[in-house]
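Shown below: structure.cif, with mmCIF, C-alpha atoms.
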```cif
data_coords
#
loop_
_atom_site.label_atom_id
_atom_site.label_comp_id
_atom_site.auth_asym_id
_atom_site.auth_seq_id
_atom_site.Cartn_x
_atom_site.Cartn_y
_atom_site.Cartn_z
CA ALA E 1 -2.29 -99.11 -16.09
CA ALA E 2 -4.72 -96.24 -16.21
CA SER E 3 -6.47 -95.56 -12.92
CA PRO E 4 -10.16 -96.51 -12.93
CA ALA E 5 -12.65 -93.75 -13.59
CA PRO E 6 -14.31 -92.43 -10.41
CA PRO E 7 -17.82 -93.76 -9.88
CA PRO E 8 -20.52 -91.43 -11.18
CA ALA E 9 -21.72 -88.99 -8.53
CA VAL E 10 -25.03 -90.14 -7.09
CA ALA E 11 -27.61 -87.40 -6.73
CA ASP E 12 -28.88 -86.99 -3.16
CA GLN E 13 -32.11 -89.00 -3.24
CA ARG E 14 -33.34 -87.93 0.22
CA PRO E 15 -36.57 -85.90 0.24
CA ALA E 16 -35.89 -82.18 0.49
CA ILE E 17 -36.79 -79.64 3.12
CA VAL E 18 -36.41 -76.23 1.49
CA CYS E 19 -35.73 -73.31 3.82
CA PHE E 20 -37.01 -70.42 1.72
CA GLY E 21 -36.37 -67.02 3.23
CA ASP E 22 -34.25 -63.93 3.70
CA SER E 23 -31.09 -63.11 5.68
CA ILE E 24 -32.27 -65.01 8.78
CA THR E 25 -32.44 -68.21 6.73
CA ALA E 26 -29.28 -67.35 4.77
CA GLY E 27 -27.35 -67.02 8.05
CA PHE E 28 -26.35 -63.38 7.61
CA GLY E 29 -23.37 -62.47 9.81
CA LEU E 30 -22.73 -66.10 10.85
CA ASP E 31 -19.83 -68.38 10.01
CA ALA E 32 -20.35 -71.23 7.54
CA GLY E 33 -22.33 -74.03 9.15
CA GLN E 34 -24.00 -71.80 11.77
CA SER E 35 -27.24 -70.87 9.99
CA PHE E 36 -30.38 -72.54 11.33
CA PRO E 37 -30.78 -74.63 8.09
CA ASP E 38 -27.19 -75.93 8.53
CA LEU E 39 -27.94 -76.81 12.15
CA LEU E 40 -31.20 -78.45 11.08
CA GLN E 41 -29.31 -80.74 8.68
CA GLN E 42 -26.88 -81.68 11.48
CA ASP E 43 -29.82 -82.38 13.81
CA LEU E 44 -31.61 -84.57 11.23
CA ASP E 45 -28.42 -86.47 10.42
CA GLY E 46 -27.71 -87.00 14.11
CA GLY E 47 -31.19 -88.47 14.55
CA ALA E 48 -30.77 -90.55 11.38
CA VAL E 49 -33.75 -88.79 9.79
CA ARG E 50 -33.29 -89.08 6.03
CA TYR E 51 -34.01 -85.60 4.72
CA ARG E 52 -31.73 -83.11 3.04
CA VAL E 53 -32.05 -79.44 3.91
CA VAL E 54 -31.72 -76.97 1.02
CA ASN E 55 -31.00 -73.41 2.13
CA LEU E 56 -32.57 -70.97 -0.33
CA GLY E 57 -32.27 -67.95 1.95
CA VAL E 58 -31.26 -64.71 0.21
CA SER E 59 -30.29 -61.71 2.34
CA GLY E 60 -32.49 -58.71 1.65
CA ASP E 61 -35.26 -60.64 -0.07
CA THR E 62 -38.79 -59.28 0.15
CA THR E 63 -41.87 -61.37 -0.60
CA GLN E 64 -41.76 -59.94 -4.13
CA ASP E 65 -38.23 -61.33 -4.55
CA GLY E 66 -39.39 -64.61 -3.06
CA LEU E 67 -42.10 -64.93 -5.69
CA ALA E 68 -39.43 -64.62 -8.39
CA HIS E 69 -37.41 -67.42 -6.75
CA VAL E 70 -40.30 -69.90 -6.39
CA PRO E 71 -39.44 -71.78 -9.64
CA MET E 72 -35.91 -72.38 -8.32
CA ALA E 73 -37.36 -73.84 -5.11
CA LEU E 74 -39.83 -76.02 -7.02
CA ASN E 75 -36.94 -77.47 -9.08
CA VAL E 76 -35.69 -79.09 -5.86
CA LYS E 77 -39.06 -80.93 -5.60
CA PRO E 78 -39.46 -80.09 -1.90
CA ARG E 79 -41.42 -82.37 0.42
CA ILE E 80 -41.56 -79.56 3.00
CA VAL E 81 -41.02 -75.81 2.59
CA LEU E 82 -40.23 -73.58 5.54
CA LEU E 83 -41.39 -70.19 4.27
CA GLU E 84 -39.64 -67.35 6.11
CA LEU E 85 -40.32 -64.08 4.30
CA GLY E 86 -42.03 -60.78 5.05
CA GLY E 87 -39.66 -59.26 7.57
CA ASN E 88 -37.98 -57.05 4.96
CA ASP E 89 -41.40 -56.01 3.65
CA GLY E 90 -42.33 -54.84 7.14
CA LEU E 91 -39.04 -53.01 7.67
CA ARG E 92 -39.50 -51.21 4.33
CA GLY E 93 -43.11 -50.29 5.03
CA ILE E 94 -44.48 -52.27 2.07
CA PRO E 95 -48.29 -52.35 2.33
CA LEU E 96 -49.44 -55.39 4.31
CA SER E 97 -51.93 -56.31 1.59
CA ILE E 98 -49.04 -56.79 -0.87
CA THR E 99 -47.02 -58.88 1.60
CA GLN E 100 -50.04 -61.05 2.33
CA ALA E 101 -50.89 -61.51 -1.36
CA ASN E 102 -47.29 -62.46 -2.21
CA LEU E 103 -47.06 -64.98 0.62
CA ALA E 104 -50.43 -66.44 -0.43
CA GLN E 105 -49.17 -66.95 -3.99
CA MET E 106 -46.05 -68.70 -2.70
CA ILE E 107 -48.06 -70.99 -0.41
CA GLU E 108 -50.40 -71.87 -3.30
CA ALA E 109 -47.44 -72.63 -5.59
CA PHE E 110 -45.75 -74.88 -3.04
CA GLN E 111 -48.97 -76.65 -2.06
CA GLY E 112 -49.82 -77.07 -5.74
CA ALA E 113 -46.51 -78.90 -6.17
CA GLY E 114 -47.38 -81.24 -3.29
CA ALA E 115 -45.16 -79.71 -0.60
CA ARG E 116 -46.18 -79.25 3.03
CA VAL E 117 -45.69 -75.59 3.99
CA VAL E 118 -44.51 -74.37 7.38
CA LEU E 119 -45.02 -70.61 7.65
CA ALA E 120 -42.52 -68.79 9.85
CA GLY E 121 -44.09 -65.70 11.36
CA MET E 122 -42.12 -62.53 12.00
CA SER E 123 -42.50 -59.37 14.03
CA LEU E 124 -41.07 -55.86 13.81
CA PRO E 125 -39.06 -53.58 16.10
CA PRO E 126 -41.17 -51.62 18.63
CA ASN E 127 -40.59 -48.29 16.84
CA TYR E 128 -43.05 -49.44 14.13
CA GLY E 129 -45.87 -48.93 16.64
CA PRO E 130 -48.18 -51.48 18.27
CA ALA E 131 -51.03 -51.09 15.77
CA PHE E 132 -48.90 -51.81 12.69
CA ILE E 133 -46.98 -54.62 14.44
CA GLN E 134 -50.25 -56.28 15.47
CA LYS E 135 -51.56 -56.19 11.89
CA PHE E 136 -48.21 -57.44 10.57
CA GLU E 137 -48.15 -60.42 12.95
CA ALA E 138 -51.81 -61.19 12.20
CA LEU E 139 -51.22 -61.63 8.48
CA TYR E 140 -49.21 -64.82 9.20
CA LYS E 141 -51.98 -66.19 11.43
CA ASN E 142 -54.59 -65.38 8.77
CA LEU E 143 -52.60 -67.12 6.03
CA ALA E 144 -51.96 -70.19 8.19
CA ALA E 145 -55.68 -70.49 8.94
CA LYS E 146 -56.75 -69.95 5.33
CA TYR E 147 -54.30 -72.45 3.82
CA HIS E 148 -54.19 -74.93 6.74
CA VAL E 149 -50.42 -74.68 7.01
CA THR E 150 -48.32 -75.20 10.12
CA LEU E 151 -47.46 -71.84 11.70
CA ILE E 152 -44.45 -70.87 13.78
CA PRO E 153 -46.03 -67.71 15.25
CA PHE E 154 -42.64 -65.99 15.71
CA LEU E 155 -39.48 -67.60 14.33
CA LEU E 156 -37.27 -65.58 16.70
CA GLU E 157 -39.28 -66.57 19.80
CA GLY E 158 -37.00 -66.19 22.83
CA VAL E 159 -34.26 -64.79 20.56
CA GLY E 160 -35.50 -61.42 19.25
CA ALA E 161 -34.91 -58.53 21.69
CA HIS E 162 -32.57 -60.75 23.77
CA ASP E 163 -29.12 -59.21 23.37
CA GLU E 164 -27.31 -62.45 24.23
CA PHE E 165 -28.88 -64.16 21.20
CA MET E 166 -28.74 -61.31 18.69
CA GLN E 167 -26.03 -59.72 16.59
CA ARG E 168 -25.25 -56.06 17.25
CA ASP E 169 -27.74 -54.95 14.58
CA GLY E 170 -30.59 -56.26 16.76
CA ILE E 171 -32.17 -57.91 13.69
CA HIS E 172 -30.18 -61.08 13.04
CA PRO E 173 -29.56 -63.96 15.46
CA ASN E 174 -25.99 -64.73 16.50
CA ALA E 175 -24.69 -68.33 16.60
CA ALA E 176 -26.38 -69.04 19.95
CA GLY E 177 -29.61 -67.47 18.67
CA ALA E 178 -29.50 -69.58 15.50
CA ARG E 179 -29.32 -72.70 17.70
CA LYS E 180 -32.49 -71.61 19.48
CA VAL E 181 -34.22 -70.90 16.15
CA GLU E 182 -33.21 -74.35 14.89
CA ALA E 183 -34.58 -76.02 18.01
CA LEU E 184 -37.94 -74.30 17.45
CA VAL E 185 -37.93 -75.31 13.77
CA MET E 186 -37.00 -78.92 14.60
CA THR E 187 -39.80 -79.16 17.19
CA THR E 188 -42.25 -77.87 14.60
CA LEU E 189 -41.04 -80.11 11.78
CA THR E 190 -40.78 -83.36 13.74
CA PRO E 191 -44.49 -84.31 13.42
CA LEU E 192 -44.31 -83.65 9.66
CA LEU E 193 -41.30 -85.93 9.14
CA LYS E 194 -43.12 -89.11 10.12
#
```
If you took the structure in this file and wrote it as structure tokens, what would it be?
Amino acid sequence: AASPAPPPAVADQRPAIVCFGDSITAGFGLDAGQSFPDLLQQDLDGGAVRYRVVNLGVSGDTTQDGLAHVPMALNVKPRIVLLELGGNDGLRGIPLSITQANLAQMIEAFQGAGARVVLAGMSLPPNYGPAFIQKFEALYKNLAAKYHVTLIPFLLEGVGAHDEFMQRDGIHPNAAGARKVEALVMTTLTPLLK
């Protein structure tokens, strides 16, 4: 007798949390399963919170690249978007006005599709100078205030500039650092998951 056909694959019906960012979201330099979005999924599953985490992090992405990827993110029909972009803009010296305008367009697109946006703030290495760093960090605060989105002031809080939590490049978290980032993200997301 012929073996029965396998049951049709059921699409994951859980509401989506899209992690939309650059190499920090993608888990650059980490083993599979060690990125903060992977850890977030494990944390949600362990707490029996029915969400699926979709990692749309692309190493090297600027806010301009992010804008081009927004339609892909919207296809997932996200309930929540963690927006983590801008760091590469800062490192490349892209004018802050362009970074801010690009992030604003992304926030508007996600909010327009009914998603809650969590904006992950970034900072820059000290060699960029205090004046520029201050303006760079402020653009996240300004956007969060304007669009009434939840702000993580600095995604690498307690991780950046701490050698024990960073890879040798001093830019990307190591596995232990990614766990700290995930804990911060989970704390921020928990009120939104109710």
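Shortest atom-to-atom contact with Val181 (chain E) among E:Leu30, E:Ile24, E:Cys19, E:Val76: E:Ile24, counting only C-alpha atoms.
Using only C-alpha atoms, the nearest neighbour of Ala73 (chain E) within the list E:Ile17, E:Leu156, E:Ala176, E:Ala48 is E:Ile17.
CA of Met122 (chain E) is positioned 12.7 Å from CA of Thr62 (chain E).
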Size and centre in Å, one decimal, axis-aligned box, all listed region 45-58 of chain E atoms plus 4 Å per side, as AutoDock Vina command-line options:
```
--center_x -30.9 --center_y -77.6 --center_z 7.1 --size_x 14.3 --size_y 33.8 --size_z 22.9
```
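CA of Arg179 (chain E) to CA of Leu193 (chain E) spans 19.8 Å [interatomic distance, one decimal].
When the PyMOL selection byres ((chain E and resi 132-147) around 8) is evaluated against the file, it yields Gly90, Leu96, Gln100, Ala104, Ile107, Leu119, Ala120, Gly121, Met122, Ser123, Leu124, Pro126, Tyr128, Gly129, Pro130, Ala131, His148, Val149, Thr150, Leu151 and Pro153 of chain E.
Counting only C-alpha atoms, the residue from E:Pro173, E:Pro125, E:Pro15, E:Pro37 that sits nearest to Val185 (chain E) is E:Pro37.
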_Please enumerate the residues selected by the PyMOL selection byres ((chain E and resi 164) around 8) when evaluated against the supplied file, formatted as an MDAnalysis selection string._
chainID E and resid 162:163 165:166 176:177
Just C-alpha atoms for this one: save the residues we selected as a PDB file, in the frame of the given file.
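The new file out36.pdb reads:
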```
ATOM      1  CA  HIS E 162     -32.570 -60.750  23.770  1.00  0.00           C
ATOM      2  CA  ASP E 163     -29.120 -59.210  23.370  1.00  0.00           C
ATOM      3  CA  PHE E 165     -28.880 -64.160  21.200  1.00  0.00           C
ATOM      4  CA  MET E 166     -28.740 -61.310  18.690  1.00  0.00           C
ATOM      5  CA  ALA E 176     -26.380 -69.040  19.950  1.00  0.00           C
ATOM      6  CA  GLY E 177     -29.610 -67.470  18.670  1.00  0.00           C
TER       7      GLY E 177
END
```
task: For Asp65 (chain E), work out the shell of residues within 12 Å, counting only C-alpha atoms and skipping chain neighbours fewer than 2 positions away, then give it as JSON, numbers by chain.
output: {"E": [20, 21, 22, 56, 57, 58, 59, 60, 61, 62, 63, 67, 68, 69, 70, 71, 72, 85, 86, 88, 89, 99, 102, 103, 106]}
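Our summary of the geometry notes that CA of Asp31 (chain E) is positioned 20.0 Å from CA of Asp45 (chain E).
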Taking the file above as input, evaluate the PyMOL selection byres ((chain E and resi 12) around 12) and report the hits as an MDAnalysis selection string. chainID E and resid 9:11 13:16 50:54 76
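Closest approach to Asn174 (chain E) from the set E:Ser35, E:Ser23, E:Ala161, E:Val117 is made by E:Ser35, with distances taken over only C-alpha atoms.
Nearest to Leu39 (chain E) of all the residues E:Asn127, E:Gln105, E:Ser97, E:Asn55 is E:Asn55, counting all atoms listed in the file.
Distances to Ile171 (chain E) were evaluated for E:Gly93, E:Gly87, E:Gly46, E:Gly66 using all atoms listed in the file, and the minimum falls at E:Gly87.
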Worksheet item: Need the neighbours of (-44.6, -81.1, 6.7): which residues are at most 10 Å away, counting all atoms listed in the file, as a list in words?
Response: Ile17, Arg79, Ile80, Val81, Leu82, Ala115, Arg116, Val117, Val118, Val149, Thr150, Thr188, Leu189, Thr190, Pro191, Leu192, Leu193 and Lys194 of chain E
